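Working notes, beginning with the structure itself.
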Amino acid sequence: MYKDYLNSIIDSVKGRYINILPHDYADVDSIISAIMLSKLLDYYNIKNRICIMDKKVSEDTKRILSNLGYDLKKFMIYNEKSNKLLFLVDHYATKHEGRVIGVIDHHFTVSNVNAQVYLYKKSCATAYIIYKLMEASSMIVTKEIIELLAYAMLVDTSVFKSSKTVKSEMEELEKLVTKYNLEDYSKIKDECLLFTDINNMSIDEIVQNGRKNYILNYCNVSSSYIQIKGCLEAKELDKLLDDIVKKVLTDNIDMWVFISFDMQNDKTYVYYITKIGIEEREFNSIVSRGSDIIPKIEDYFYNI
Ligand SMILES: [Mn+2]
């Protein structure tokens, strides 16, 4: 299957200049996916560059990538041009100008994806899908690539605690870690369980953490999340929800989904804030925003 996808990707980008786009508010997986796709295109002598179009990149992401030797500044390219050829990684739609030629993503969607090549797979990370394409090519996979892959998979699944973990992929990574002698694997794991530093953030920063915006059947939907040890205190939670209610009313948002992950007790608290009120749900596991929560919300908005 990957060989076929690899061939159609290479066919559609051959002789062109490709802009590889991580999603807005880029995270570790989307940037690592861009780096890995860039290496794969380099191998086929296809001109490409990585474009981070959104200035907002979390400090955690900057720190991890800089420790891996990547200075994100050289990928920050903000010019909007309608004739740019875009290859989206870790997302399937963009508000940025250009023509989308390819999409590689692990987020499920019911909407139509407009691209010449579209590769979706339910995976721990988009970087894993790109790793499989590398494997299907004859390019040499190095220890550095396995390290990048490990970071992307570990961060995206909260060190395999998240329900989006694909067990066979986790086992495959563990084999690769041994094969390629990644001595620091247990240290990397500690580094990849990211906590939101809510004690040093303003209310606005907390409620906007990891924010993503969606347009679902003409409705404006936002989501954001925090990862903490334990659950929020009632008073703190009230303040956050009050702030989101204000934003929903003033910014004309149809629904804001705020998620609080309790990484200590493996619980997820989800708050659905609309103009008419707040609903909440509790899960006894770390569920996934992209694989569990957003698809249900898509369903809801498309079946209203
Ligand atoms: Mn991802």
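All residue names refer to the structure tokens as shown: chains lettered A, B, ... in order, residues numbered from 1 in each chain, ligands numbered from 1 in order.
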
Discussion item. Any residue with an atom at most 8 Å from ligand 1 counts, using only C-alpha atoms and all ligand atoms. Which are they? Put them as a ChimeraX atom specification.
Written reply: /A:27-30,90-91,105-107,124-127,152,156

Just C-alpha atoms for this one: save the residues we selected as a compact mmCIF listing (two decimals), in the first residue's frame.
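Printed below is out.txt as written:
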```txt
# COMPACT_ATOMS: atom_id res chain seq x y z
CA ASP A 27 3.06 20.98 17.20
CA VAL A 28 5.93 18.50 17.38
CA ASP A 29 4.33 15.90 15.07
CA SER A 30 3.41 18.39 12.38
CA ASP A 90 -0.81 16.55 9.94
CA HIS A 91 -3.90 18.47 8.73
CA ASP A 105 -2.71 13.10 7.83
CA HIS A 106 -3.90 10.92 10.68
CA HIS A 107 -6.96 12.99 11.61
CA CYS A 124 -0.15 7.45 16.42
CA ALA A 125 1.41 10.30 14.45
CA THR A 126 1.59 11.61 10.89
CA ALA A 127 5.35 11.12 11.13
CA ALA A 152 6.55 12.70 17.12
CA ASP A 156 1.23 13.02 19.89
```

So which residues touch Asp262 (chain A) within 12 Å, counting only C-alpha atoms, skipping near sequence neighbours fewer than 2 positions away, as a PDB file with C-alpha atoms, in the first residue's frame?
```pdb
ATOM      1  CA  SER A 158       1.136  11.583  25.395  1.00  0.00           C
ATOM      2  CA  LYS A 161      -1.366   7.035  27.191  1.00  0.00           C
ATOM      3  CA  SER A 162      -3.823   8.438  24.661  1.00  0.00           C
ATOM      4  CA  LEU A 193       4.893  13.938  28.518  1.00  0.00           C
ATOM      5  CA  LEU A 194       4.171  17.649  28.289  1.00  0.00           C
ATOM      6  CA  PHE A 195       2.414  19.515  31.066  1.00  0.00           C
ATOM      7  CA  THR A 196       0.693  22.853  30.632  1.00  0.00           C
ATOM      8  CA  TYR A 225      -6.836  21.764  25.902  1.00  0.00           C
ATOM      9  CA  ILE A 226      -4.546  21.568  28.899  1.00  0.00           C
ATOM     10  CA  GLN A 227      -2.513  18.637  30.236  1.00  0.00           C
ATOM     11  CA  ILE A 228      -2.114  18.757  33.998  1.00  0.00           C
ATOM     12  CA  LYS A 229      -1.532  16.535  37.028  1.00  0.00           C
ATOM     13  CA  GLY A 230      -4.912  16.074  38.716  1.00  0.00           C
ATOM     14  CA  CYS A 231      -8.066  18.016  37.896  1.00  0.00           C
ATOM     15  CA  LEU A 232      -8.803  21.756  38.011  1.00  0.00           C
ATOM     16  CA  ILE A 259     -10.456  19.670  27.358  1.00  0.00           C
ATOM     17  CA  SER A 260      -8.604  19.100  30.606  1.00  0.00           C
ATOM     18  CA  GLN A 264      -1.788  11.589  36.732  1.00  0.00           C
ATOM     19  CA  ASN A 265      -5.063   9.666  37.020  1.00  0.00           C
ATOM     20  CA  ASP A 266      -5.617   9.082  33.282  1.00  0.00           C
ATOM     21  CA  LYS A 267      -8.896  10.991  33.095  1.00  0.00           C
ATOM     22  CA  THR A 268     -10.294  13.444  30.575  1.00  0.00           C
ATOM     23  CA  TYR A 269     -12.770  16.226  31.335  1.00  0.00           C
ATOM     24  CA  VAL A 270     -14.476  17.786  28.323  1.00  0.00           C
ATOM     25  CA  GLU A 282     -15.842  12.835  31.963  1.00  0.00           C
ATOM     26  CA  PHE A 283     -13.848   9.892  30.577  1.00  0.00           C
ATOM     27  CA  ASN A 284     -11.865   7.365  32.592  1.00  0.00           C
ATOM     28  CA  SER A 285      -9.000   7.432  30.097  1.00  0.00           C
ATOM     29  CA  ILE A 286      -6.911   9.889  28.094  1.00  0.00           C
ATOM     30  CA  VAL A 287      -9.069  10.262  25.001  1.00  0.00           C
TER      31      VAL A 287
END
```

As an MDAnalysis selection string, please: every residue in region 41-103 of chain A that a backbone DSSP assignment puts in strand (DSSP E).
chainID A and resid 48:50 85:89 99:103

May I have the selected residues written with N, CA and C atoms, as a PDB file, in the first residue's frame?
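To be explicit, this is the file written out as again-v6.pdb:
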```
ATOM      1  N   ASN A  48      11.980  21.479  -2.529  1.00  0.00           N
ATOM      2  CA  ASN A  48      10.957  21.686  -1.506  1.00  0.00           C
ATOM      3  C   ASN A  48      11.488  22.566  -0.396  1.00  0.00           C
ATOM      4  N   ARG A  49      10.582  23.119   0.342  1.00  0.00           N
ATOM      5  CA  ARG A  49      10.959  23.813   1.568  1.00  0.00           C
ATOM      6  C   ARG A  49       9.814  23.667   2.583  1.00  0.00           C
ATOM      7  N   ILE A  50      10.156  23.866   3.845  1.00  0.00           N
ATOM      8  CA  ILE A  50       9.155  23.780   4.907  1.00  0.00           C
ATOM      9  C   ILE A  50       8.691  25.195   5.217  1.00  0.00           C
ATOM     10  N   LEU A  85       2.490  25.923  -4.430  1.00  0.00           N
ATOM     11  CA  LEU A  85       2.015  24.538  -4.351  1.00  0.00           C
ATOM     12  C   LEU A  85       2.228  24.048  -2.919  1.00  0.00           C
ATOM     13  N   LEU A  86       1.156  23.629  -2.284  1.00  0.00           N
ATOM     14  CA  LEU A  86       1.220  23.265  -0.879  1.00  0.00           C
ATOM     15  C   LEU A  86       1.069  21.766  -0.670  1.00  0.00           C
ATOM     16  N   PHE A  87       1.853  21.246   0.252  1.00  0.00           N
ATOM     17  CA  PHE A  87       1.693  19.856   0.681  1.00  0.00           C
ATOM     18  C   PHE A  87       1.426  19.913   2.182  1.00  0.00           C
ATOM     19  N   LEU A  88       0.203  19.550   2.597  1.00  0.00           N
ATOM     20  CA  LEU A  88      -0.173  19.651   4.002  1.00  0.00           C
ATOM     21  C   LEU A  88       0.208  18.373   4.751  1.00  0.00           C
ATOM     22  N   VAL A  89       0.846  18.547   5.895  1.00  0.00           N
ATOM     23  CA  VAL A  89       1.106  17.381   6.741  1.00  0.00           C
ATOM     24  C   VAL A  89       0.440  17.594   8.104  1.00  0.00           C
ATOM     25  N   ARG A  99      -2.223  26.294  -3.815  1.00  0.00           N
ATOM     26  CA  ARG A  99      -2.953  25.146  -4.346  1.00  0.00           C
ATOM     27  C   ARG A  99      -2.464  23.901  -3.621  1.00  0.00           C
ATOM     28  N   VAL A 100      -3.406  23.200  -2.977  1.00  0.00           N
ATOM     29  CA  VAL A 100      -3.022  22.016  -2.214  1.00  0.00           C
ATOM     30  C   VAL A 100      -2.842  20.844  -3.167  1.00  0.00           C
ATOM     31  N   ILE A 101      -1.619  20.336  -3.187  1.00  0.00           N
ATOM     32  CA  ILE A 101      -1.315  19.239  -4.113  1.00  0.00           C
ATOM     33  C   ILE A 101      -1.338  17.902  -3.379  1.00  0.00           C
ATOM     34  N   GLY A 102      -0.955  17.935  -2.102  1.00  0.00           N
ATOM     35  CA  GLY A 102      -0.930  16.682  -1.341  1.00  0.00           C
ATOM     36  C   GLY A 102      -1.307  16.872   0.111  1.00  0.00           C
ATOM     37  N   VAL A 103      -1.840  15.792   0.695  1.00  0.00           N
ATOM     38  CA  VAL A 103      -2.193  15.787   2.115  1.00  0.00           C
ATOM     39  C   VAL A 103      -1.793  14.441   2.712  1.00  0.00           C
TER      40      VAL A 103
END
```

Separating CA of Asp197 (chain A) from CA of Ile273 (chain A), to the nearest tenth of an Å, is a gap of 23.0 Å

re CA of Tyr70 (chain A) and CA of Tyr180 (chain A): distance 21.0 Å
